[in-house]
$ cat structure-v1.txt   # compact mmCIF, C-alpha atoms and all ligand atoms
# COMPACT_ATOMS: atom_id res chain seq x y z
CA MET A 211 5.64 7.23 10.77
CA SER A 212 6.46 4.94 7.91
CA PHE A 213 3.05 3.73 6.84
CA ASP A 214 1.35 5.09 3.76
CA LEU A 215 -0.83 8.04 4.67
CA SER A 216 -2.57 8.34 1.36
CA VAL A 217 -4.96 5.43 1.53
CA ILE A 218 -7.08 6.25 4.57
CA PRO A 219 -10.40 7.42 3.20
CA ASN A 220 -12.66 9.75 5.10
CA LYS A 221 -12.90 7.80 8.35
CA ASN A 222 -14.30 9.10 11.62
CA ILE A 223 -12.84 8.37 15.00
CA VAL A 224 -14.48 9.20 18.29
CA LEU A 225 -11.65 9.39 20.79
CA ALA A 226 -12.95 9.06 24.33
CA VAL A 227 -10.62 10.30 27.05
CA THR A 228 -11.24 9.15 30.61
CA GLY A 229 -9.70 10.13 33.94
CA GLY A 230 -6.07 9.13 34.17
CA ILE A 231 -2.67 10.77 33.96
CA ALA A 232 -2.20 9.20 30.49
CA ALA A 233 -4.81 11.68 29.24
CA TYR A 234 -1.94 14.01 28.29
CA LYS A 235 -0.77 11.41 25.75
CA SER A 236 -4.19 11.54 24.11
CA ALA A 237 -3.58 15.13 23.08
CA ILE A 238 -0.68 13.92 20.95
CA LEU A 239 -2.78 10.98 19.78
CA VAL A 240 -5.29 13.42 18.29
CA ARG A 241 -2.46 15.02 16.32
CA ARG A 242 -1.18 11.70 15.03
CA LEU A 243 -4.67 10.56 13.98
CA LYS A 244 -5.25 13.85 12.18
CA ASP A 245 -1.85 13.47 10.45
CA VAL A 246 -3.07 10.22 8.92
CA GLY A 247 -6.22 11.93 7.69
CA PHE A 248 -8.83 10.75 10.21
CA ASN A 249 -11.67 13.01 11.30
CA VAL A 250 -11.51 13.11 15.07
CA ARG A 251 -14.15 14.08 17.63
CA VAL A 252 -13.26 13.92 21.29
CA VAL A 253 -15.47 12.85 24.17
CA MET A 254 -14.25 13.54 27.71
CA THR A 255 -15.51 12.15 30.98
CA GLN A 256 -15.66 14.29 34.13
CA GLY A 257 -12.53 12.53 35.36
CA ALA A 258 -10.59 13.36 32.22
CA GLN A 259 -11.34 17.05 32.64
CA ALA A 260 -9.49 17.00 35.96
CA PHE A 261 -6.30 16.18 34.02
CA ILE A 262 -6.60 18.16 30.80
CA THR A 263 -9.01 20.79 29.47
CA PRO A 264 -11.57 20.31 26.69
CA LEU A 265 -10.12 23.40 25.03
CA THR A 266 -6.87 21.53 24.32
CA PHE A 267 -8.75 18.79 22.49
CA GLN A 268 -11.00 21.26 20.71
CA ALA A 269 -7.96 23.08 19.33
CA LEU A 270 -6.21 19.87 18.30
CA SER A 271 -9.20 18.09 16.78
CA GLY A 272 -10.74 21.16 15.19
CA ASN A 273 -14.12 20.06 16.56
CA PRO A 274 -16.14 20.92 19.66
CA VAL A 275 -15.48 18.51 22.52
CA HIS A 276 -18.37 16.43 23.84
CA THR A 277 -18.57 16.29 27.62
CA GLU A 278 -22.19 16.00 28.68
CA LEU A 279 -25.10 13.73 28.00
CA LEU A 280 -27.93 15.97 29.05
CA ASN A 281 -26.87 19.33 27.72
CA PRO A 282 -29.53 20.72 25.32
CA GLU A 283 -27.00 22.99 23.63
CA ALA A 284 -24.52 20.20 22.93
CA GLU A 285 -27.29 17.85 21.87
CA ALA A 286 -28.49 20.46 19.41
CA GLY A 287 -25.01 20.42 17.80
CA MET A 288 -24.33 16.73 17.46
CA GLY A 289 -26.40 14.62 19.83
CA HIS A 290 -25.08 11.44 21.39
CA ILE A 291 -27.01 9.17 19.01
CA GLU A 292 -25.72 11.10 16.02
CA LEU A 293 -22.19 10.90 17.42
CA ALA A 294 -22.61 7.14 17.92
CA ARG A 295 -23.62 6.81 14.26
CA TRP A 296 -20.85 9.14 13.05
CA ALA A 297 -18.10 6.97 14.54
CA ASP A 298 -16.29 4.42 12.39
CA LEU A 299 -14.34 3.54 15.51
CA LEU A 300 -14.81 4.38 19.18
CA LEU A 301 -11.35 4.51 20.72
CA VAL A 302 -11.21 4.90 24.49
CA ALA A 303 -7.71 6.02 25.44
CA PRO A 304 -6.88 6.08 28.23
CA ALA A 305 -9.61 3.76 29.51
CA SER A 306 -9.87 3.93 33.30
CA CYS A 307 -10.87 1.10 35.60
CA ASN A 308 -14.12 2.85 36.25
CA THR A 309 -14.99 3.18 32.56
CA LEU A 310 -14.16 -0.49 31.92
CA ALA A 311 -16.43 -1.44 34.82
CA LYS A 312 -19.25 0.72 33.50
CA PHE A 313 -18.94 -0.75 30.01
CA ALA A 314 -18.91 -4.29 31.40
CA ALA A 315 -21.98 -3.62 33.51
CA GLY A 316 -23.86 -1.81 30.75
CA LEU A 317 -24.40 1.40 32.72
CA ALA A 318 -25.51 4.49 30.85
CA ASP A 319 -25.13 7.31 33.33
CA ASP A 320 -22.92 9.66 31.34
CA LEU A 321 -22.12 10.53 27.73
CA LEU A 322 -19.38 7.95 27.16
CA SER A 323 -21.15 4.95 28.71
CA THR A 324 -24.27 5.85 26.74
CA LEU A 325 -22.26 6.23 23.56
CA TYR A 326 -20.70 2.81 24.13
CA LEU A 327 -24.16 1.22 24.20
CA ALA A 328 -25.47 3.31 21.32
CA THR A 329 -22.73 2.74 18.75
CA LYS A 330 -22.54 -0.02 16.18
CA SER A 331 -18.91 0.81 15.40
CA PRO A 332 -15.99 -1.28 16.68
CA VAL A 333 -14.88 -0.27 20.16
CA TRP A 334 -11.22 -0.25 21.19
CA VAL A 335 -10.05 0.39 24.71
CA ALA A 336 -6.52 1.24 25.81
CA PRO A 337 -6.55 0.66 29.58
CA ALA A 338 -4.13 2.76 31.61
CA MET A 339 -3.93 2.51 35.36
CA ASN A 340 -1.81 1.65 38.37
CA GLN A 341 -0.35 -1.85 38.01
CA GLN A 342 -2.19 -3.08 41.12
CA MET A 343 -5.51 -1.82 39.78
CA TRP A 344 -4.78 -3.49 36.43
CA ALA A 345 -4.06 -6.79 38.19
CA ALA A 346 -7.17 -6.56 40.41
CA LYS A 347 -9.58 -9.41 39.93
CA ALA A 348 -12.51 -7.12 39.23
CA THR A 349 -10.59 -5.30 36.46
CA GLN A 350 -9.53 -8.56 34.82
CA ARG A 351 -13.09 -9.88 35.12
CA ASN A 352 -14.45 -6.75 33.45
CA LEU A 353 -11.86 -6.96 30.67
CA ASN A 354 -12.85 -10.58 30.02
CA THR A 355 -16.47 -9.53 29.76
CA LEU A 356 -15.56 -6.75 27.32
CA VAL A 357 -13.51 -9.12 25.15
CA GLN A 358 -16.47 -11.50 25.06
CA ASP A 359 -18.67 -8.58 24.07
CA GLY A 360 -16.39 -7.93 21.08
CA VAL A 361 -14.36 -5.04 22.44
CA HIS A 362 -10.73 -4.89 21.28
CA VAL A 363 -8.36 -4.39 24.18
CA ILE A 364 -5.02 -2.73 23.48
CA MET A 365 -2.73 -4.18 26.10
CA PRO A 366 -0.95 -1.69 28.34
CA ASP A 367 2.83 -1.47 28.32
CA ALA A 368 4.97 -2.33 31.32
CA GLY A 369 7.31 0.20 32.89
CA SER A 370 7.59 2.89 35.51
CA GLN A 371 4.31 4.59 36.37
CA ALA A 372 3.41 8.13 37.35
CA CYS A 373 2.55 6.86 40.87
CA GLY A 374 6.07 5.48 41.33
CA ASP A 375 5.13 1.82 40.81
CA VAL A 376 6.69 -0.34 38.16
CA GLY A 377 4.55 -2.79 36.18
CA LEU A 378 1.82 -3.22 33.61
CA GLY A 379 -0.56 -0.34 33.12
CA ARG A 380 1.06 2.32 30.96
CA MET A 381 -0.87 3.47 27.93
CA PRO A 382 1.09 2.74 24.72
CA GLU A 383 2.68 5.75 23.05
CA PRO A 384 0.40 7.83 20.77
CA GLU A 385 2.41 6.93 17.64
CA ASP A 386 1.93 3.26 18.39
CA LEU A 387 -1.83 3.65 18.95
CA ALA A 388 -2.20 5.70 15.74
CA ARG A 389 -0.28 3.04 13.83
CA GLN A 390 -2.51 0.25 15.16
CA VAL A 391 -5.66 2.16 14.24
CA THR A 392 -4.32 2.98 10.78
CA GLU A 393 -3.33 -0.63 10.13
CA TYR A 394 -6.79 -1.75 11.15
CA PHE A 395 -8.40 0.53 8.56
CA HIS A 396 -5.81 -0.43 5.93
CA LYS A 397 -6.61 -4.10 6.45
CA ALA A 398 -10.35 -3.51 6.32
CA GLN A 399 -9.95 -1.44 3.18
CA ARG A 400 -7.68 -4.06 1.61
CA ALA A 401 -10.18 -6.84 2.34
CA ILE A 402 -12.89 -4.88 0.52
CA ALA A 403 -10.59 -4.05 -2.42
CA GLU A 404 -9.50 -7.69 -2.75
CA LYS A 405 -13.12 -8.72 -2.99
CA PHE A 406 -14.74 -5.93 -4.92
CA GLY A 407 -11.92 -3.79 -6.38
CA MET A 408 -11.71 -3.24 -10.13
CA LEU A 409 -8.59 -5.39 -10.37
CA ALA A 410 -9.45 -7.89 -7.61
CA GLY A 411 -7.68 -11.22 -8.07
CA LYS A 412 -5.25 -9.91 -10.69
CA HIS A 413 -1.46 -9.90 -10.54
CA VAL A 414 -0.23 -6.68 -12.09
CA VAL A 415 3.40 -6.13 -13.04
CA VAL A 416 4.54 -2.55 -13.57
CA THR A 417 7.92 -1.51 -14.96
CA ALA A 418 8.98 1.98 -13.93
CA GLY A 419 11.79 4.50 -13.98
CA PRO A 420 14.82 4.68 -16.22
CA THR A 421 17.35 1.95 -16.89
CA ARG A 422 21.06 2.46 -16.40
CA GLU A 423 23.44 1.05 -18.99
CA ALA A 424 26.98 0.75 -17.67
CA MET A 425 29.99 1.94 -19.67
CA ASP A 426 32.56 1.01 -17.07
CA PRO A 427 32.42 0.46 -13.29
CA VAL A 428 31.71 4.15 -12.63
CA ARG A 429 29.84 5.53 -15.67
CA TYR A 430 26.52 4.82 -17.28
CA ILE A 431 24.01 5.96 -19.91
CA SER A 432 20.52 6.77 -18.64
CA ASN A 433 17.63 9.23 -18.98
CA HIS A 434 15.58 11.68 -16.92
CA SER A 435 12.65 9.40 -16.05
CA THR A 436 11.65 9.78 -12.39
CA GLY A 437 9.35 6.76 -12.19
CA LYS A 438 6.49 8.84 -10.73
CA MET A 439 3.85 7.66 -13.22
CA GLY A 440 4.76 3.98 -12.75
CA PHE A 441 4.77 4.28 -8.98
CA ALA A 442 1.39 6.06 -9.04
CA LEU A 443 0.03 3.27 -11.24
CA ALA A 444 1.38 0.57 -8.94
CA ALA A 445 -0.37 2.29 -6.00
CA ALA A 446 -3.63 2.67 -7.95
CA CYS A 447 -3.60 -1.00 -9.01
CA TYR A 448 -3.03 -2.06 -5.40
CA ALA A 449 -5.89 0.16 -4.25
CA ALA A 450 -8.04 -1.54 -6.90
CA GLY A 451 -7.41 -4.89 -5.18
CA ALA A 452 -4.60 -6.28 -7.33
CA LYS A 453 -1.43 -7.97 -6.19
CA VAL A 454 1.25 -5.67 -7.58
CA THR A 455 4.90 -6.20 -8.47
CA LEU A 456 6.84 -3.09 -9.33
CA ILE A 457 10.03 -3.61 -11.30
CA ALA A 458 11.84 -0.37 -10.68
CA GLY A 459 14.89 1.09 -12.32
CA PRO A 460 17.05 3.41 -10.19
CA VAL A 461 14.70 6.07 -8.79
CA SER A 462 14.44 7.84 -5.45
CA LEU A 463 10.80 7.11 -4.63
CA ASP A 464 9.25 5.29 -1.68
CA THR A 465 7.63 1.96 -2.44
CA PRO A 466 3.83 2.34 -2.42
CA ASN A 467 2.03 0.64 0.44
CA GLY A 468 1.40 -3.08 -0.16
CA VAL A 469 3.41 -3.23 -3.40
CA ARG A 470 6.23 -5.74 -3.95
CA ARG A 471 9.23 -3.92 -5.38
CA MET A 472 12.10 -5.44 -7.33
CA ASN A 473 14.98 -3.12 -8.08
CA VAL A 474 16.89 -3.45 -11.33
CA SER A 475 19.46 -1.37 -13.10
CA SER A 476 19.80 -2.32 -16.77
CA ALA A 477 17.25 -3.15 -19.47
CA VAL A 478 18.51 -6.73 -19.63
CA GLN A 479 17.89 -7.14 -15.89
CA MET A 480 14.44 -5.58 -16.28
CA LEU A 481 13.55 -8.07 -19.00
CA ASP A 482 14.91 -10.94 -16.91
CA ILE A 483 12.71 -10.12 -13.92
CA SER A 484 9.74 -9.43 -16.23
CA MET A 485 10.06 -12.94 -17.69
CA GLN A 486 10.26 -14.38 -14.19
CA MET A 487 7.03 -12.59 -13.34
CA LEU A 488 5.40 -14.14 -16.37
CA ASP A 489 6.36 -17.59 -15.06
CA GLU A 490 4.89 -16.63 -11.69
CA GLY A 491 1.61 -15.76 -13.39
CA CYS A 492 0.89 -12.24 -14.51
CA ASP A 493 -2.51 -10.96 -15.68
CA ILE A 494 -1.69 -7.38 -16.57
CA PHE A 495 1.68 -5.99 -17.63
CA ILE A 496 2.10 -2.22 -17.55
CA ALA A 497 5.29 -0.87 -19.11
CA THR A 498 5.90 2.67 -17.93
CA ALA A 499 9.69 2.31 -17.79
CA ALA A 500 11.80 4.56 -19.96
CA VAL A 501 14.05 1.74 -21.09
CA ALA A 502 17.31 2.77 -22.70
CA ASP A 503 17.08 1.81 -26.37
CA TYR A 504 20.78 0.98 -26.55
CA ARG A 505 23.45 -0.34 -24.23
CA VAL A 506 27.20 -0.21 -24.41
CA ALA A 507 28.44 -3.09 -26.54
CA GLU A 508 31.38 -3.89 -24.34
CA VAL A 509 31.39 -2.71 -20.75
CA ALA A 510 34.96 -1.89 -19.73
CA GLU A 511 36.19 -3.90 -16.79
CA HIS A 512 38.09 -0.91 -15.40
CA LYS A 513 37.42 2.83 -15.42
CA ILE A 514 38.03 4.22 -18.91
CA LYS A 515 40.98 6.60 -18.75
CA LYS A 516 40.93 10.02 -20.34
CA ALA A 517 42.90 9.90 -23.60
CA GLY A 518 42.68 11.82 -26.87
CA ASP A 519 40.01 14.33 -27.94
CA GLU A 520 37.39 11.79 -28.90
CA LEU A 521 35.97 8.72 -27.34
CA ASN A 522 33.94 6.38 -29.48
CA VAL A 523 31.57 4.07 -27.73
CA SER A 524 29.81 1.40 -29.64
CA LEU A 525 26.17 0.78 -28.65
CA ILE A 526 23.95 -2.18 -29.35
CA LYS A 527 20.19 -2.40 -29.24
CA ASN A 528 18.49 -3.37 -26.01
CA PRO A 529 15.65 -5.88 -26.01
CA ASP A 530 12.18 -4.34 -26.24
CA ILE A 531 10.71 -5.59 -22.97
CA VAL A 532 7.05 -4.89 -23.58
CA ALA A 533 7.18 -6.30 -27.14
CA THR A 534 9.00 -9.41 -25.92
CA ILE A 535 6.41 -10.10 -23.22
CA ALA A 536 3.59 -9.46 -25.71
CA GLN A 537 4.98 -12.19 -27.97
CA GLN A 538 4.86 -14.88 -25.30
CA GLN A 539 2.26 -17.57 -25.58
CA LYS A 540 0.75 -16.95 -22.15
CA ARG A 541 0.66 -13.21 -22.61
CA PRO A 542 -0.92 -10.90 -20.05
CA PHE A 543 -3.08 -7.89 -20.92
CA MET A 544 -0.40 -5.55 -22.23
CA VAL A 545 -0.29 -1.82 -21.54
CA GLY A 546 2.39 0.36 -23.09
CA PHE A 547 3.28 4.01 -22.83
CA ALA A 548 4.48 6.37 -25.49
CA ALA A 549 6.23 9.62 -24.76
CA GLU A 550 6.50 11.66 -27.91
CA THR A 551 7.45 15.19 -28.84
CA ARG A 552 5.47 15.33 -32.13
CA ASN A 553 2.83 13.39 -34.07
CA VAL A 554 1.93 11.99 -30.66
CA GLU A 555 -1.27 10.14 -31.58
CA GLU A 556 0.04 8.77 -34.84
CA TYR A 557 3.24 7.35 -33.33
CA ALA A 558 1.35 5.90 -30.35
CA ALA A 559 -1.20 4.16 -32.53
CA GLY A 560 1.69 2.73 -34.55
CA LYS A 561 3.39 1.37 -31.42
CA LEU A 562 0.15 -0.21 -30.25
CA VAL A 563 0.14 -2.36 -33.36
CA ALA A 564 3.89 -2.87 -33.75
CA LYS A 565 4.37 -4.04 -30.16
CA LYS A 566 1.11 -6.05 -30.15
CA LEU A 567 -0.28 -4.19 -27.14
CA ASP A 568 -3.85 -4.17 -25.84
CA MET A 569 -3.71 -0.58 -24.73
CA ILE A 570 -1.35 2.36 -25.02
CA ALA A 571 -1.28 5.63 -23.12
CA CYS A 572 0.57 8.44 -24.81
CA ASN A 573 1.64 11.90 -23.84
CA ASP A 574 3.35 14.86 -25.35
CA VAL A 575 6.64 15.31 -23.53
CA SER A 576 7.42 18.49 -25.42
CA ARG A 577 4.90 20.17 -23.10
CA ALA A 578 6.77 21.60 -20.11
CA ASP A 579 3.78 21.29 -17.76
CA ILE A 580 3.36 17.51 -17.94
CA GLY A 581 5.37 14.34 -18.31
CA PHE A 582 8.74 13.25 -17.01
CA ALA A 583 9.63 15.13 -13.80
CA SER A 584 6.24 16.79 -13.41
CA ASP A 585 3.65 15.74 -10.83
CA GLU A 586 0.95 16.09 -13.46
CA ASN A 587 0.19 14.39 -16.70
CA ALA A 588 -2.33 14.39 -19.54
CA MET A 589 -2.75 11.37 -21.77
CA ILE A 590 -4.60 9.86 -24.67
CA VAL A 591 -5.42 6.18 -24.43
CA PHE A 592 -5.87 3.88 -27.43
CA PHE A 593 -7.13 0.32 -27.35
CA ALA A 594 -6.26 -2.46 -29.78
CA GLU A 595 -8.72 -2.71 -32.64
CA GLN A 596 -10.37 -5.91 -31.46
CA TYR A 597 -11.69 -4.14 -28.35
CA GLN A 598 -13.64 -1.73 -30.53
CA MET A 599 -13.29 0.91 -27.85
CA GLN A 600 -13.10 4.64 -28.41
CA LYS A 601 -9.85 6.40 -27.57
CA ARG A 602 -9.95 8.26 -24.26
CA ASP A 603 -8.67 11.72 -23.50
CA LEU A 604 -7.38 11.97 -19.95
CA GLU A 605 -7.19 15.66 -19.23
CA LYS A 606 -4.34 17.23 -17.27
CA ALA A 607 -4.45 16.00 -13.68
CA SER A 608 -2.15 14.71 -10.96
CA LYS A 609 -0.34 11.48 -11.81
CA GLN A 610 -2.44 9.79 -9.07
CA GLU A 611 -5.67 10.81 -10.80
CA ILE A 612 -4.36 9.81 -14.22
CA ALA A 613 -3.31 6.44 -12.74
CA GLN A 614 -6.83 5.95 -11.39
CA GLN A 615 -8.31 6.65 -14.81
CA LEU A 616 -5.87 4.24 -16.43
CA VAL A 617 -6.94 1.54 -13.99
CA GLU A 618 -10.54 2.21 -15.06
CA ALA A 619 -9.53 1.97 -18.72
CA ILE A 620 -7.79 -1.36 -18.09
CA HIS A 621 -10.81 -2.64 -16.17
CA ASP A 622 -13.19 -1.55 -18.93
CA ALA A 623 -11.09 -3.21 -21.64
CA LEU A 624 -10.84 -6.44 -19.61
CA HIS A 625 -14.62 -6.54 -19.32
CA HIS A 626 -15.28 -5.62 -22.91
CA GLU A 627 -16.57 -8.14 -25.38
CA ILE A 628 -13.62 -8.62 -27.69
CA GLU A 629 -14.38 -8.95 -31.38
CA PRO A 630 -12.85 -12.16 -32.76
CA VAL A 631 -9.91 -11.35 -35.04
O1 LIG B 1 9.51 2.32 -28.49
P1 LIG B 1 9.29 3.21 -27.31
O2 LIG B 1 10.45 3.24 -26.35
O3 LIG B 1 8.79 4.57 -27.63
O4 LIG B 1 8.06 2.51 -26.56
C1 LIG B 1 7.62 2.89 -25.32
C2 LIG B 1 6.95 1.73 -24.62
O5 LIG B 1 7.71 0.53 -24.77
C3 LIG B 1 6.87 1.94 -23.14
O6 LIG B 1 5.74 1.25 -22.68
C4 LIG B 1 8.16 1.34 -22.65
O7 LIG B 1 8.09 0.97 -21.28
C5 LIG B 1 8.29 0.13 -23.54
N1 LIG B 1 9.67 -0.27 -23.83
C6 LIG B 1 10.15 -1.48 -23.38
N2 LIG B 1 11.42 -1.87 -23.67
C7 LIG B 1 12.22 -1.11 -24.46
C8 LIG B 1 11.74 0.12 -24.93
C9 LIG B 1 10.48 0.51 -24.62
O8 LIG B 1 9.43 -2.18 -22.64
N3 LIG B 1 13.43 -1.50 -24.73
$ encode --input "structure-v1.txt" --output "structure tokens" --more "lines below"
Ligand code: C5P
Amino acid sequence: MSFDLSVIPNKNIVLAVTGGIAAYKSAILVRRLKDVGFNVRVVMTQGAQAFITPLTFQALSGNPVHTELLNPEAEAGMGHIELARWADLLLVAPASCNTLAKFAAGLADDLLSTLYLATKSPVWVAPAMNQQMWAAKATQRNLNTLVQDGVHVIMPDAGSQACGDVGLGRMPEPEDLARQVTEYFHKAQRAIAEKFGMLAGKHVVVTAGPTREAMDPVRYISNHSTGKMGFALAAACYAAGAKVTLIAGPVSLDTPNGVRRMNVSSAVQMLDISMQMLDEGCDIFIATAAVADYRVAEVAEHKIKKAGDELNVSLIKNPDIVATIAQQQKRPFMVGFAAETRNVEEYAAGKLVAKKLDMIACNDVSRADIGFASDENAMIVFFAEQYQMQKRDLEKASKQEIAQQLVEAIHDALHHEIEPV
């Protein structure tokens, strides 16, 4: 599945399985939901148990399966009211004709129908049945009632059916159902982040990765930057409610969910796109890119041929992207990075002033356990003097956690009373 798995928080799904041949697909659905990180508890009707055993669902979900309403033992574990409260979503898949009718009529004669009435969570039903039963007036009437009651109906697919008929009534594939559920939670989460997130309403531009400076059509000068820190920051800013544009040099990383990515190669291209972003309106500019300091003065039109024992290449200075953006009249909040091998704090503090940044995060790349290709980092953050904020030590942690702490630092600085200079 191509959607981002990392942003589903601890969400609980009650998957109710009712009597229909599509029940076998629900076993796979449990797997797919667990893959995304959902907690899953399964409820089965009597009918469902004729098709597949509770043990299968218990093994796949890692939780006891709920089958009865009036079983003192089961109720002592997690009673039906508790289960109704636990659910962030009640997903009925497959939903039989009978279950739809019971929901529409408001019956409460078994665990699932009772749960339906007792839960405040959204209810989704994925009807699966013979095409004639789907088309029956009573079924369509019940579905209408359910839609009016706020139930979300996942339309069945058309195709050949287990009974030999061809038509509407097949339950969608488990991957498709899991994707729909995941997207629903992503959207809900995004809506909250856009309203209440630490960077809600902000457009953040992040530069990341190395740049590649061509020598000729086949060779270039570059560095070992992997772009991991920048990509983690882009993801963290998005999770904090920002609109995020990621200007990426050549790296082999997937674009974080929800982030707009613009691929560049050279420093000059990176500056070009950065300036465009400024015109578009940028509130926060985060420069994590390891920009090549120099580029080849004259890029050869054709491949340079081997000749002689020495090859002299003349290099010229590349523009300093972050410093250039910081000099603009409508400058965003500027965040720089400093990777040093010695005098880390001193050099970083110097760059903060020299490049007119608001904040700088520095790390010691001479340490083998953090930095460039590593999945972990440790940083010290300095703020420009006018913020009158203490430096922050971000202890060794995953780049995701460091990114989260950097987002907090940016948020805190943005909300800090700035001393007039
Ligand atoms: O001067 P130095 O390369 O150490 O500064 C590092 C910081 O400046 C980083 O934030 C980096 O992304 C940014 N930078 C830049 N353009 C350059 C060189 C560095 O934006 N040409």
$ residues_near_ligand --input "structure-v1.txt" --ligand "ligand LIG 1 (chain B)" --cutoff "7 Å" --atoms "only C-alpha atoms and all ligand atoms" --output "VMD selection string"
chain A and resid 417 477 497 to 503 528 to 533 545 to 549 561
$ residues_around --input "structure-v1.txt" --residues "A:Ser584" --least-positions-apart "3" --cutoff "12 Å" --atoms "only C-alpha atoms" --output "ChimeraX atom specification"
/A:434-439,575,577-581,587-588,606-610
$ closest_residue --input "structure-v1.txt" --among "A:Glu556, A:Asp603, A:Glu520, A:Glu383" --to "A:Gln615" --atoms "all atoms listed in the file"
A:Asp603
$ residues_around --input "structure-v1.txt" --residues "A:Tyr504" --least-positions-apart "6" --cutoff "6 Å" --atoms "only C-alpha atoms" --output "JSON, numbers by chain"
{"A": [525, 526, 527, 528]}
$ residues_around --input "structure-v1.txt" --residues "A:Val335" --least-positions-apart "5" --cutoff "9 Å" --atoms "all atoms listed in the file" --output "list in words"
Leu300, Leu301, Val302, Ala303, Pro304, Ala305, Leu310, Val361, His362, Val363, Ile364 and Met365 of chain A
$ residues_around --input "structure-v1.txt" --residues "A:Leu270" --least-positions-apart "6" --cutoff "12 Å" --atoms "all atoms listed in the file" --output "list in words"
Ser236, Ala237, Ile238, Leu239, Val240, Arg241, Arg242, Leu243, Lys244, Asp245, Asn249, Val250, Arg251, Val252, Thr263 and Pro264 of chain A
$ closest_residue --input "structure-v1.txt" --among "A:Leu488, A:Ala338, A:Met569, A:Cys447" --to "A:Met381" --atoms "all atoms listed in the file"
A:Ala338
$ atom_distance --input "structure-v1.txt" --atom1 "atom CA of A:Gln268" --atom2 "atom CA of A:Gly379"
27.0 Å
$ atom_distance --input "structure-v1.txt" --atom1 "atom CA of A:His396" --atom2 "atom CA of A:Asn222"
14.0 Å
$ residues_around --input "structure-v1.txt" --residues "A:Gly468" --least-positions-apart "6" --cutoff "12 Å" --atoms "all atoms listed in the file" --output "PyMOL selection string"
chain A and resi 213-214+217+393+396-397+399-400+441+444-456
$ closest_residue --input "structure-v1.txt" --among "A:Thr324, A:Ser524, A:Gln598, A:Ser484" --to "A:Val415" --atoms "all atoms listed in the file"
A:Ser484
$ closest_residue --input "structure-v1.txt" --among "A:Glu508, A:Ala613, A:Gly287, A:Ala388" --to "A:Val416" --atoms "only C-alpha atoms"
A:Ala613
$ atom_distance --input "structure-v1.txt" --atom1 "atom CA of A:Asn281" --atom2 "atom CA of A:Thr329"
19.3 Å
$ closest_residue --input "structure-v1.txt" --among "A:Gly257, A:Gly316, A:Gly369, A:Pro332" --to "A:Val224" --atoms "all atoms listed in the file"
A:Pro332
$ closest_residue --input "structure-v1.txt" --among "A:Gln341, A:Ser331, A:Thr277, A:Asn522" --to "A:Gln256" --atoms "all atoms listed in the file"
A:Thr277
$ residues_near_point --input "structure-v1.txt" --point "(1.9, -15.5, -21.8)" --cutoff "9 Å" --atoms "all atoms listed in the file" --output "number ranges by chain"
A: 488-489, 491-493, 535-542
$ residues_near_point --input "structure-v1.txt" --point "(-13.5, 0.2, 39.6)" --cutoff "12 Å" --atoms "all atoms listed in the file" --output "compact mmCIF listing (two decimals) with C-alpha atoms, in the frame of the given file"
# COMPACT_ATOMS: atom_id res chain seq x y z
CA ALA A 305 -9.61 3.76 29.51
CA SER A 306 -9.87 3.93 33.30
CA CYS A 307 -10.87 1.10 35.60
CA ASN A 308 -14.12 2.85 36.25
CA THR A 309 -14.99 3.18 32.56
CA LEU A 310 -14.16 -0.49 31.92
CA ALA A 311 -16.43 -1.44 34.82
CA LYS A 312 -19.25 0.72 33.50
CA PHE A 313 -18.94 -0.75 30.01
CA ALA A 314 -18.91 -4.29 31.40
CA ALA A 315 -21.98 -3.62 33.51
CA MET A 339 -3.93 2.51 35.36
CA ASN A 340 -1.81 1.65 38.37
CA GLN A 342 -2.19 -3.08 41.12
CA MET A 343 -5.51 -1.82 39.78
CA TRP A 344 -4.78 -3.49 36.43
CA ALA A 345 -4.06 -6.79 38.19
CA ALA A 346 -7.17 -6.56 40.41
CA LYS A 347 -9.58 -9.41 39.93
CA ALA A 348 -12.51 -7.12 39.23
CA THR A 349 -10.59 -5.30 36.46
CA GLN A 350 -9.53 -8.56 34.82
CA ARG A 351 -13.09 -9.88 35.12
CA ASN A 352 -14.45 -6.75 33.45
CA LEU A 353 -11.86 -6.96 30.67
$ build_atoms --input "structure-v1.txt" --residues "stretch 420-425 of chain A" --atoms "N, CA and C atoms" --output "tab-separated table (two decimals), in the frame of the given file"
chain	number	residue	atom	x	y	z
A	420	PRO	N	13.89	4.83	-15.11
A	420	PRO	CA	14.82	4.68	-16.22
A	420	PRO	C	15.58	3.35	-16.11
A	421	THR	N	16.36	3.01	-17.10
A	421	THR	CA	17.35	1.95	-16.89
A	421	THR	C	18.71	2.62	-16.98
A	422	ARG	N	19.69	1.94	-16.44
A	422	ARG	CA	21.06	2.46	-16.40
A	422	ARG	C	21.95	1.47	-17.15
A	423	GLU	N	22.61	1.95	-18.18
A	423	GLU	CA	23.44	1.05	-18.99
A	423	GLU	C	24.91	1.40	-18.73
A	424	ALA	N	25.60	0.47	-18.10
A	424	ALA	CA	26.98	0.75	-17.67
A	424	ALA	C	27.95	0.89	-18.84
A	425	MET	N	28.88	1.83	-18.70
A	425	MET	CA	29.99	1.94	-19.67
A	425	MET	C	31.23	1.30	-19.08
